[in-house]
Every structure is written in structure tokens, then in C-alpha cells.
$ cat entry.cif   # mmCIF, C-alpha atoms
data_run
#
loop_
_atom_site.group_PDB
_atom_site.id
_atom_site.type_symbol
_atom_site.label_atom_id
_atom_site.label_comp_id
_atom_site.auth_asym_id
_atom_site.auth_seq_id
_atom_site.Cartn_x
_atom_site.Cartn_y
_atom_site.Cartn_z
ATOM 1 C CA MET A 107 34.232 86.289 -11.731
ATOM 2 C CA LYS A 108 37.554 86.294 -9.894
ATOM 3 C CA GLY A 109 40.150 83.805 -11.050
ATOM 4 C CA ILE A 110 42.327 81.592 -8.895
ATOM 5 C CA GLU A 111 45.977 80.681 -8.719
ATOM 6 C CA LEU A 112 46.571 76.970 -9.242
ATOM 7 C CA GLU A 113 49.805 76.564 -7.301
ATOM 8 C CA GLY A 114 49.164 73.993 -4.581
ATOM 9 C CA ARG A 115 45.477 73.571 -5.466
ATOM 10 C CA VAL A 116 43.960 70.097 -5.672
ATOM 11 C CA ALA A 117 42.528 69.640 -9.165
ATOM 12 C CA VAL A 118 40.560 66.707 -10.573
ATOM 13 C CA VAL A 119 40.073 65.823 -14.241
ATOM 14 C CA THR A 120 37.410 63.270 -15.170
ATOM 15 C CA GLY A 121 38.041 61.225 -18.281
ATOM 16 C CA GLY A 122 41.676 62.004 -17.598
ATOM 17 C CA ALA A 123 43.278 58.912 -19.096
ATOM 18 C CA ARG A 124 43.159 60.060 -22.713
ATOM 19 C CA GLY A 125 42.885 62.975 -25.127
ATOM 20 C CA ILE A 126 41.705 66.310 -23.742
ATOM 21 C CA GLY A 127 41.614 64.922 -20.215
ATOM 22 C CA ARG A 128 45.226 63.793 -20.270
ATOM 23 C CA ALA A 129 46.369 67.085 -21.816
ATOM 24 C CA THR A 130 44.418 69.032 -19.198
ATOM 25 C CA ALA A 131 45.927 67.029 -16.356
ATOM 26 C CA ARG A 132 49.388 67.804 -17.711
ATOM 27 C CA ALA A 133 48.598 71.522 -18.066
ATOM 28 C CA LEU A 134 47.232 71.731 -14.517
ATOM 29 C CA ARG A 135 50.278 69.895 -13.203
ATOM 30 C CA ASP A 136 52.564 72.302 -15.033
ATOM 31 C CA ALA A 137 50.619 75.215 -13.507
ATOM 32 C CA GLY A 138 51.504 73.925 -10.048
ATOM 33 C CA ALA A 139 48.308 72.093 -9.121
ATOM 34 C CA LYS A 140 48.192 68.763 -7.311
ATOM 35 C CA VAL A 141 46.340 66.685 -9.890
ATOM 36 C CA ALA A 142 44.183 63.580 -9.752
ATOM 37 C CA ILE A 143 42.686 61.944 -12.813
ATOM 38 C CA GLY A 144 39.618 59.737 -12.816
ATOM 39 C CA ASP A 145 38.573 57.399 -15.593
ATOM 40 C CA VAL A 146 36.524 54.223 -15.882
ATOM 41 C CA ASP A 147 39.404 52.484 -17.677
ATOM 42 C CA ALA A 148 41.523 51.540 -14.672
ATOM 43 C CA THR A 149 44.458 50.223 -16.731
ATOM 44 C CA GLN A 150 44.802 53.347 -18.873
ATOM 45 C CA THR A 151 44.271 55.541 -15.821
ATOM 46 C CA ALA A 152 47.232 53.921 -14.076
ATOM 47 C CA LEU A 153 49.420 54.262 -17.180
ATOM 48 C CA THR A 154 48.573 57.929 -17.686
ATOM 49 C CA ALA A 155 48.948 58.754 -13.992
ATOM 50 C CA ASP A 156 52.390 57.145 -13.979
ATOM 51 C CA GLU A 157 53.382 58.980 -17.164
ATOM 52 C CA LEU A 158 52.319 62.376 -15.801
ATOM 53 C CA GLY A 159 53.316 61.851 -12.192
ATOM 54 C CA VAL A 160 49.796 62.507 -10.908
ATOM 55 C CA VAL A 161 47.288 60.531 -8.863
ATOM 56 C CA GLY A 162 45.056 58.136 -10.808
ATOM 57 C CA VAL A 163 41.887 56.540 -9.428
ATOM 58 C CA ARG A 164 39.201 54.592 -11.243
ATOM 59 C CA LEU A 165 36.013 56.644 -11.613
ATOM 60 C CA ASP A 166 32.651 55.874 -13.179
ATOM 61 C CA VAL A 167 30.968 59.258 -13.549
ATOM 62 C CA THR A 168 27.587 57.630 -14.208
ATOM 63 C CA ASP A 169 27.570 56.188 -10.667
ATOM 64 C CA PRO A 170 27.130 58.740 -7.827
ATOM 65 C CA ALA A 171 28.587 56.250 -5.338
ATOM 66 C CA SER A 172 31.738 55.911 -7.455
ATOM 67 C CA VAL A 173 32.096 59.702 -7.508
ATOM 68 C CA GLU A 174 31.880 59.888 -3.705
ATOM 69 C CA ILE A 175 34.420 57.100 -3.267
ATOM 70 C CA PHE A 176 36.715 58.831 -5.750
ATOM 71 C CA LEU A 177 36.460 62.131 -3.859
ATOM 72 C CA ASP A 178 37.252 60.388 -0.569
ATOM 73 C CA GLU A 179 40.332 58.715 -2.065
ATOM 74 C CA VAL A 180 41.613 61.935 -3.611
ATOM 75 C CA ALA A 181 41.065 63.822 -0.348
ATOM 76 C CA SER A 182 42.995 61.172 1.573
ATOM 77 C CA MET A 183 45.965 61.456 -0.795
ATOM 78 C CA LEU A 184 45.995 65.128 -1.811
ATOM 79 C CA GLY A 185 43.490 67.005 0.336
ATOM 80 C CA PRO A 186 40.052 68.517 -0.383
ATOM 81 C CA VAL A 187 39.319 69.199 -4.038
ATOM 82 C CA ASP A 188 39.557 72.860 -5.103
ATOM 83 C CA VAL A 189 39.041 72.395 -8.853
ATOM 84 C CA TRP A 190 36.818 69.865 -10.608
ATOM 85 C CA ILE A 191 37.062 69.494 -14.396
ATOM 86 C CA ASN A 192 34.122 67.610 -15.936
ATOM 87 C CA ASN A 193 35.693 66.241 -19.092
ATOM 88 C CA ALA A 194 34.452 62.653 -19.485
ATOM 89 C CA GLY A 195 32.260 62.156 -22.536
ATOM 90 C CA ILE A 196 31.459 60.078 -25.600
ATOM 91 C CA MET A 197 30.400 61.220 -29.061
ATOM 92 C CA PRO A 198 27.967 59.021 -30.994
ATOM 93 C CA ILE A 199 27.346 60.398 -34.482
ATOM 94 C CA GLY A 200 25.415 59.402 -37.582
ATOM 95 C CA PRO A 201 21.733 59.446 -38.575
ATOM 96 C CA VAL A 202 19.763 59.786 -35.359
ATOM 97 C CA LEU A 203 16.990 57.439 -36.487
ATOM 98 C CA ASP A 204 19.538 54.658 -36.913
ATOM 99 C CA GLN A 205 21.374 55.056 -33.614
ATOM 100 C CA ASP A 206 21.263 52.248 -31.112
ATOM 101 C CA ASP A 207 19.073 52.872 -28.055
ATOM 102 C CA THR A 208 21.815 51.659 -25.716
ATOM 103 C CA VAL A 209 24.366 54.105 -27.134
ATOM 104 C CA VAL A 210 21.882 56.974 -26.885
ATOM 105 C CA ARG A 211 21.288 56.135 -23.243
ATOM 106 C CA ARG A 212 25.019 55.881 -22.548
ATOM 107 C CA ALA A 213 25.593 59.308 -24.108
ATOM 108 C CA VAL A 214 23.028 60.845 -21.777
ATOM 109 C CA ASP A 215 24.345 58.919 -18.770
ATOM 110 C CA ILE A 216 27.965 59.939 -19.352
ATOM 111 C CA ASN A 217 27.699 63.370 -20.973
ATOM 112 C CA VAL A 218 24.819 64.759 -18.920
ATOM 113 C CA LEU A 219 24.320 62.759 -15.733
ATOM 114 C CA GLY A 220 28.082 62.271 -15.405
ATOM 115 C CA VAL A 221 28.583 66.043 -15.399
ATOM 116 C CA MET A 222 25.753 66.526 -12.909
ATOM 117 C CA ASN A 223 27.001 63.751 -10.629
ATOM 118 C CA GLY A 224 30.527 65.122 -10.535
ATOM 119 C CA ALA A 225 29.580 68.772 -10.190
ATOM 120 C CA ARG A 226 27.031 68.175 -7.442
ATOM 121 C CA ALA A 227 29.298 65.916 -5.384
ATOM 122 C CA ALA A 228 32.293 68.238 -5.701
ATOM 123 C CA ALA A 229 30.214 71.356 -5.055
ATOM 124 C CA ARG A 230 28.727 69.950 -1.852
ATOM 125 C CA ARG A 231 32.230 69.597 -0.445
ATOM 126 C CA MET A 232 33.367 72.950 -1.815
ATOM 127 C CA VAL A 233 30.396 74.749 -0.228
ATOM 128 C CA ALA A 234 31.137 73.062 3.096
ATOM 129 C CA GLY A 235 34.784 74.060 2.813
ATOM 130 C CA SER A 236 36.466 77.131 1.353
ATOM 131 C CA GLY A 237 34.748 77.186 -2.060
ATOM 132 C CA GLY A 238 36.091 76.046 -5.403
ATOM 133 C CA ARG A 239 35.887 76.055 -9.176
ATOM 134 C CA ILE A 240 34.134 73.715 -11.600
ATOM 135 C CA VAL A 241 34.856 73.697 -15.335
ATOM 136 C CA ASN A 242 32.599 71.751 -17.660
ATOM 137 C CA VAL A 243 34.145 70.735 -20.980
ATOM 138 C CA ALA A 244 31.144 70.922 -23.279
ATOM 139 C CA SER A 245 31.435 71.396 -27.054
ATOM 140 C CA ILE A 246 30.672 73.993 -29.655
ATOM 141 C CA ALA A 247 28.023 71.435 -30.648
ATOM 142 C CA GLY A 248 26.226 72.729 -27.558
ATOM 143 C CA ARG A 249 25.694 75.977 -29.440
ATOM 144 C CA MET A 250 25.874 75.003 -33.120
ATOM 145 C CA PRO A 251 23.963 71.773 -33.857
ATOM 146 C CA ALA A 252 24.588 69.870 -37.066
ATOM 147 C CA PRO A 253 23.041 66.913 -38.909
ATOM 148 C CA GLY A 254 24.360 63.641 -37.527
ATOM 149 C CA MET A 255 24.936 65.111 -34.070
ATOM 150 C CA ALA A 256 21.413 65.300 -32.646
ATOM 151 C CA VAL A 257 22.140 63.137 -29.602
ATOM 152 C CA TYR A 258 25.602 64.573 -28.921
ATOM 153 C CA SER A 259 24.437 68.165 -29.429
ATOM 154 C CA GLY A 260 21.489 67.529 -27.140
ATOM 155 C CA THR A 261 23.780 66.372 -24.351
ATOM 156 C CA LYS A 262 26.108 69.317 -24.788
ATOM 157 C CA PHE A 263 23.245 71.846 -24.849
ATOM 158 C CA ALA A 264 22.300 70.314 -21.501
ATOM 159 C CA VAL A 265 25.822 70.768 -20.150
ATOM 160 C CA VAL A 266 25.881 74.434 -21.171
ATOM 161 C CA GLY A 267 22.520 75.120 -19.523
ATOM 162 C CA PHE A 268 23.370 73.161 -16.389
ATOM 163 C CA GLY A 269 26.640 75.010 -15.927
ATOM 164 C CA GLU A 270 25.066 78.449 -16.327
ATOM 165 C CA ALA A 271 22.309 77.675 -13.840
ATOM 166 C CA LEU A 272 24.697 76.030 -11.367
ATOM 167 C CA ASP A 273 26.988 79.052 -11.402
ATOM 168 C CA ALA A 274 24.055 81.387 -10.753
ATOM 169 C CA GLU A 275 22.908 79.209 -7.861
ATOM 170 C CA LEU A 276 26.258 78.663 -6.144
ATOM 171 C CA ALA A 277 28.145 81.913 -6.796
ATOM 172 C CA ASP A 278 27.168 83.394 -3.443
ATOM 173 C CA ARG A 279 28.339 80.215 -1.706
ATOM 174 C CA GLY A 280 31.891 80.379 -3.032
ATOM 175 C CA VAL A 281 31.619 78.002 -5.991
ATOM 176 C CA ARG A 282 31.913 79.294 -9.549
ATOM 177 C CA VAL A 283 31.252 77.308 -12.721
ATOM 178 C CA SER A 284 32.732 77.887 -16.170
ATOM 179 C CA THR A 285 32.149 76.208 -19.528
ATOM 180 C CA VAL A 286 34.730 75.430 -22.212
ATOM 181 C CA LEU A 287 33.420 74.710 -25.707
ATOM 182 C CA PRO A 288 35.951 73.127 -28.078
ATOM 183 C CA SER A 289 35.308 72.682 -31.782
ATOM 184 C CA PHE A 290 36.696 69.635 -33.637
ATOM 185 C CA THR A 291 39.536 68.345 -31.474
ATOM 186 C CA ASP A 292 42.178 65.938 -32.689
ATOM 187 C CA THR A 293 41.208 62.959 -30.518
ATOM 188 C CA GLU A 294 39.548 59.649 -31.300
ATOM 189 C CA LEU A 295 36.126 61.301 -30.955
ATOM 190 C CA ILE A 296 36.428 62.584 -34.536
ATOM 191 C CA ALA A 297 37.721 59.300 -36.005
ATOM 192 C CA GLY A 298 36.185 58.611 -39.388
ATOM 193 C CA THR A 299 35.134 62.211 -40.049
ATOM 194 C CA THR A 300 36.569 64.609 -42.614
ATOM 195 C CA PRO A 301 36.443 68.153 -41.248
ATOM 196 C CA GLY A 302 36.360 70.976 -43.796
ATOM 197 C CA PRO A 303 38.997 73.709 -44.115
ATOM 198 C CA LEU A 304 37.024 76.028 -41.809
ATOM 199 C CA THR A 305 36.749 73.359 -39.127
ATOM 200 C CA ARG A 306 40.373 72.249 -38.956
ATOM 201 C CA PRO A 307 40.790 70.294 -35.696
ATOM 202 C CA VAL A 308 42.409 71.957 -32.724
ATOM 203 C CA GLN A 309 44.848 70.038 -30.569
ATOM 204 C CA PRO A 310 43.978 68.708 -27.089
ATOM 205 C CA GLU A 311 46.734 70.908 -25.677
ATOM 206 C CA GLN A 312 44.903 74.005 -26.934
ATOM 207 C CA VAL A 313 41.810 72.966 -25.030
ATOM 208 C CA ALA A 314 43.885 72.182 -21.949
ATOM 209 C CA ASP A 315 45.597 75.588 -22.045
ATOM 210 C CA THR A 316 42.168 77.220 -22.343
ATOM 211 C CA VAL A 317 40.927 75.378 -19.254
ATOM 212 C CA VAL A 318 43.901 76.700 -17.284
ATOM 213 C CA ARG A 319 43.370 80.215 -18.640
ATOM 214 C CA VAL A 320 39.665 80.117 -17.710
ATOM 215 C CA LEU A 321 40.617 79.188 -14.155
ATOM 216 C CA HIS A 322 43.266 81.905 -13.932
ATOM 217 C CA ARG A 323 40.969 84.596 -15.322
ATOM 218 C CA GLY A 324 37.686 83.416 -13.853
ATOM 219 C CA SER A 325 36.066 83.460 -17.302
ATOM 220 C CA ARG A 326 32.429 82.481 -17.663
ATOM 221 C CA HIS A 327 33.048 80.499 -20.840
ATOM 222 C CA ALA A 328 35.531 80.071 -23.674
ATOM 223 C CA VAL A 329 35.266 78.747 -27.236
ATOM 224 C CA ILE A 330 38.162 77.028 -29.009
ATOM 225 C CA PRO A 331 39.128 78.324 -31.515
ATOM 226 C CA GLY A 332 38.229 81.834 -30.378
ATOM 227 C CA ARG A 333 37.228 82.949 -33.891
ATOM 228 C CA LEU A 334 34.046 80.877 -33.535
ATOM 229 C CA SER A 335 32.990 82.508 -30.285
ATOM 230 C CA GLY A 336 30.783 85.263 -31.679
ATOM 231 C CA GLY A 337 29.096 83.241 -34.399
ATOM 232 C CA SER A 338 28.379 80.314 -32.114
ATOM 233 C CA ALA A 339 26.856 82.599 -29.463
ATOM 234 C CA LEU A 340 24.529 84.129 -32.066
ATOM 235 C CA TRP A 341 23.677 80.870 -33.848
ATOM 236 C CA GLN A 342 20.182 80.526 -32.377
ATOM 237 C CA LEU A 343 19.269 83.966 -33.720
ATOM 238 C CA PHE A 344 19.926 83.023 -37.355
ATOM 239 C CA PRO A 345 16.873 82.195 -39.504
ATOM 240 C CA ARG A 346 16.786 78.579 -40.675
ATOM 241 C CA PRO A 347 17.782 79.394 -44.290
ATOM 242 C CA ALA A 348 20.800 81.354 -43.053
ATOM 243 C CA ALA A 349 21.780 78.575 -40.650
ATOM 244 C CA LYS A 350 21.550 76.051 -43.490
ATOM 245 C CA VAL A 351 23.875 78.144 -45.665
ATOM 246 C CA MET A 352 26.335 78.571 -42.804
ATOM 247 C CA ARG A 353 26.384 74.838 -42.050
ATOM 248 C CA ARG A 354 27.271 74.199 -45.673
ATOM 249 C CA TRP A 355 29.878 76.962 -45.586
ATOM 250 C CA PHE A 356 31.502 75.492 -42.475
ATOM 251 C CA GLY A 357 31.264 71.971 -43.916
ATOM 252 C CA LEU A 358 28.855 70.826 -41.201
ATOM 253 C CA ASP A 359 26.007 69.684 -43.430
ATOM 254 C CA ARG A 360 27.361 66.176 -44.090
ATOM 255 C CA VAL A 361 30.520 65.676 -42.034
ATOM 256 C CA PHE A 362 28.756 63.740 -39.243
ATOM 257 C CA LEU A 363 26.599 61.748 -41.631
ATOM 258 C CA ASP A 364 29.268 60.611 -44.103
ATOM 259 C CA VAL A 365 31.450 58.659 -41.680
ATOM 260 C CA GLY A 366 34.309 56.391 -42.728
ATOM 261 C CA ALA A 367 34.909 52.794 -41.697
ATOM 262 C CA ASP A 368 37.897 53.811 -39.555
ATOM 263 C CA ARG A 369 35.433 54.990 -36.914
ATOM 264 C CA SER A 370 34.265 51.440 -36.225
ATOM 265 C CA ALA A 371 36.762 50.818 -33.404
ATOM 266 C CA TYR A 372 35.582 53.897 -31.525
ATOM 267 C CA ASP A 373 31.910 53.025 -32.079
ATOM 268 C CA GLU A 374 32.505 49.541 -30.703
ATOM 269 C CA ARG A 375 34.164 50.974 -27.614
ATOM 270 C CA ILE A 376 31.372 53.424 -26.770
ATOM 271 C CA ALA A 377 28.822 50.671 -27.223
ATOM 272 C CA GLY A 378 30.716 48.419 -24.809
ATOM 273 C CA GLU A 379 30.245 48.092 -21.079
ATOM 274 C CA ALA A 380 33.801 47.325 -20.001
ATOM 275 C CA ALA A 381 35.522 50.637 -20.753
ATOM 276 C CA THR A 382 33.917 53.981 -21.434
ATOM 277 C CA PRO A 383 36.103 56.080 -23.736
ATOM 278 C CA GLU A 384 36.650 59.611 -22.591
ATOM 279 C CA LYS A 385 37.601 62.804 -24.361
#

$ encode --input "entry.cif" --output "C-alpha cells"
Amino acid sequence: MKGIELEGRVAVVTGGARGIGRATARALRDAGAKVAIGDVDATQTALTADELGVVGVRLDVTDPASVEIFLDEVASMLGPVDVWINNAGIMPIGPVLDQDDTVVRRAVDINVLGVMNGARAAARRMVAGSGGRIVNVASIAGRMPAPGMAVYSGTKFAVVGFGEALDAELADRGVRVSTVLPSFTDTELIAGTTPGPLTRPVQPEQVADTVVRVLHRGSRHAVIPGRLSGGSALWQLFPRPAAKVMRRWFGLDRVFLDVGADRSAYDERIAGEAATPEK
């Protein structure tokens, strides 16, 4: 897949007010792109947009109408979108049998339908124009499931599959789709967890730099950190006993089940209706 130069391109980052999204917006800006961030938290969106010197518009990725309005506003200010980064997401963790039905639904709405809504709306315009690039920020959990992450892993498996199929369908129409799969990332999504020495968190800036590199190179997918790329790709081939040993070795057997009280603020936010936290 051929890469693109970002100088002068119009690039959108969903969930751009915080964490990976904010870092990605900064990296795209520094690469010469004209950047717009979208986030359901209008106040934080405005603050981040002002800080970075980019365009900020409220966006609810779970609402197709909101996505269309967002695209219209960005086009009126910057021009047609060339690059769409699906980054918005939430991460409910803990024993799956105890998880609240509303939170499970919100995870699917934001992590799966939000990606589909954004990608489909952006791709329609790209196909009608001069093509474009879509990057879905999934998670290594979309390859390597772990106890306490059944819902989150399920949504990220969906994102990986959707992106692969979408790329195959739209490649001949000028739209290419890539997937970025970060491991533990030092944002509020991992609040209350204690990663092991082999799962030391990466920084949001590392993920952001990878997104830019994927666009420049036209890569199909990228895992952060890269040392997990091979093992994660082969994970489904491991027999269950071997997978169990490897989860213990990586410290994944209990890390999403034994969660500290300092995660409560994040859990309250993702259960709320007023502001959907993003990556």
C-alpha cells in the first residue's frame, strides 16, 4: 500500500481531546497536516484545540448524524477530509459477569459502531473525491485477549476485522485502511491496573508517532511496542495451555481482574451520559 505525504492534508482525529487522540493531533500537525479534532466533551475539545492550534468540533461518534455534521463543519473550515483517524474508545474492565449492561452497550456503541460510523461517512466522501486514508486505533487486546477484558477485547477484535475487510473492499476505489494496535498506554484507560514488567506502558506520543509512520509508509498495521508484533499475530495458533502460560508470563492473567480503587473516577465517567471519555 502506497503511503501519503501529510503536508497540507486535512486530517481528523476522533476522541482528540485527550490521551492518544491529543498526541496524535499534535503529531499530525507537526507533520504539516491541517488537523481537526472531534470529541463528545465540547469543553475539553475547545481547550485542546486552542492548546494545539487546531480545529475542534464536538463529535458524538455513536450518532451518524453527528458524524455528518462534523464532516460538513470540518470541510467548511479546512476542506475535504483526506485522513480519518478512528481513535475514540472506552475500556471497561473487570469480571465480565459483573459488568453493567449499560456500560457493555456503551463500549459496543463507541468502540465498534463509532468506528463504523466514522469510517463509512468519511469513506463515502473520499470515494466521491480523490481518495483518502483511514487509520483505526484498535488495541493489542484485539489479538491477545485476557481475563477481565472480554468486552473490550471483543470490541477491538471487531475493529481489526472491520478494518481488514473495509480495506479489501475500498482499495480499488482509492481508500486504504490501516490498523494500529497499542499495548498498555499511559492514559487514564489503564487507571487502577498494575502492568507487569513485560507490559510496561508505552506513551501516547509513541502511538501517535506510529500513526504518522503508518500513513507515511502505507502500512497495513502496526503494533506498539513492535516486539509484540509477531507473538500477537500468532496468538490464536497457540494451544490453550500454552496461551495460559504466556498470559501468566506477560502478567495478563490477573491484571484486569485485580483493579484498584483509583480506577473509580474513570469507571464513573464511562458509565455517564454527559461526557464519553476517549483514548

$ residues_around --input "entry.cif" --residues "Val146 (chain A)" --least-positions-apart "4" --cutoff "6 Å" --atoms "all atoms listed in the file" --output "MDAnalysis selection string"
chainID A and resid 164:166

$ write_last_selection --input "entry.cif" --atoms "C-alpha atoms" --output "CSV table (one decimal), in the coordinates of the input"
chain,number,residue,atom,x,y,z
A,164,ARG,CA,39.2,54.6,-11.2
A,165,LEU,CA,36.0,56.6,-11.6
A,166,ASP,CA,32.7,55.9,-13.2

$ closest_residue --input "entry.cif" --among "A:Ser182, A:Glu174, A:Val187, A:Ala244" --to "Ala227 (chain A)" --atoms "all atoms listed in the file"
A:Glu174

$ resolve_selection --input "entry.cif" --expression "the PyMOL selection byres ((chain A and resi 129-142) around 9)" --output "PyMOL selection string"
chain A and resi 111-120+122-128+143-144+155+158-163+180+184+191+310-315+317-318

$ atom_distance --input "entry.cif" --atom1 "CA of Met352 (chain A)" --atom2 "CA of Pro253 (chain A)"
12.7 Å

$ closest_residue --input "entry.cif" --among "A:Ser259, A:Arg354, A:Val167, A:Val241" --to "Arg319 (chain A)" --atoms "all atoms listed in the file"
A:Val241

$ closest_residue --input "entry.cif" --among "A:Ile196, A:Ala229, A:Leu363, A:Leu334" --to "Leu295 (chain A)" --atoms "all atoms listed in the file"
A:Ile196

$ atom_distance --input "entry.cif" --atom1 "CA of Arg353 (chain A)" --atom2 "CA of Ser325 (chain A)"
27.9 Å

$ residues_around --input "entry.cif" --residues "Ala247 (chain A)" --least-positions-apart "3" --cutoff "7 Å" --atoms "only C-alpha atoms" --output "NGL selection string"
:A and (250-251 or 259 or 262)

$ residues_around --input "entry.cif" --residues "Ser236 (chain A)" --least-positions-apart "6" --cutoff "9 Å" --atoms "all atoms listed in the file" --output "list in words"
Asp188, Gly280 and Val281 of chain A

$ closest_residue --input "entry.cif" --among "A:Asp368, A:Asp147, A:Glu270, A:Asp373" --to "Arg326 (chain A)" --atoms "all atoms listed in the file"
A:Glu270

$ decode --input "entry.cif" --residues "region 145-178 of chain A" --atoms "C-alpha atoms" --output "compact mmCIF listing (two decimals), in the first residue's frame"
# COMPACT_ATOMS: atom_id res chain seq x y z
CA ASP A 145 -14.78 14.69 20.84
CA VAL A 146 -18.08 14.45 22.70
CA ASP A 147 -16.68 16.59 25.53
CA ALA A 148 -17.13 20.03 23.98
CA THR A 149 -15.31 21.89 26.77
CA GLN A 150 -12.18 19.73 26.65
CA THR A 151 -12.27 19.75 22.85
CA ALA A 152 -12.14 23.54 22.82
CA LEU A 153 -9.29 23.60 25.35
CA THR A 154 -7.21 21.05 23.46
CA ALA A 155 -7.88 22.68 20.09
CA ASP A 156 -6.75 26.03 21.48
CA GLU A 157 -3.65 24.46 23.04
CA LEU A 158 -2.62 22.73 19.80
CA GLY A 159 -3.75 25.41 17.37
CA VAL A 160 -6.07 23.04 15.52
CA VAL A 161 -9.79 23.00 14.75
CA GLY A 162 -12.03 21.49 17.43
CA VAL A 163 -15.65 20.46 16.89
CA ARG A 164 -17.95 18.47 19.14
CA LEU A 165 -18.48 14.94 17.80
CA ASP A 166 -20.53 12.02 19.08
CA VAL A 167 -19.22 9.03 17.14
CA THR A 168 -22.20 6.90 18.20
CA ASP A 169 -24.56 9.19 16.25
CA PRO A 170 -24.27 9.02 12.42
CA ALA A 171 -25.96 12.42 12.11
CA SER A 172 -23.34 13.98 14.40
CA VAL A 173 -20.58 12.49 12.23
CA GLU A 174 -22.10 14.01 9.07
CA ILE A 175 -22.48 17.42 10.71
CA PHE A 176 -18.90 17.21 11.94
CA LEU A 177 -17.62 16.39 8.44
CA ASP A 178 -19.56 19.32 6.98
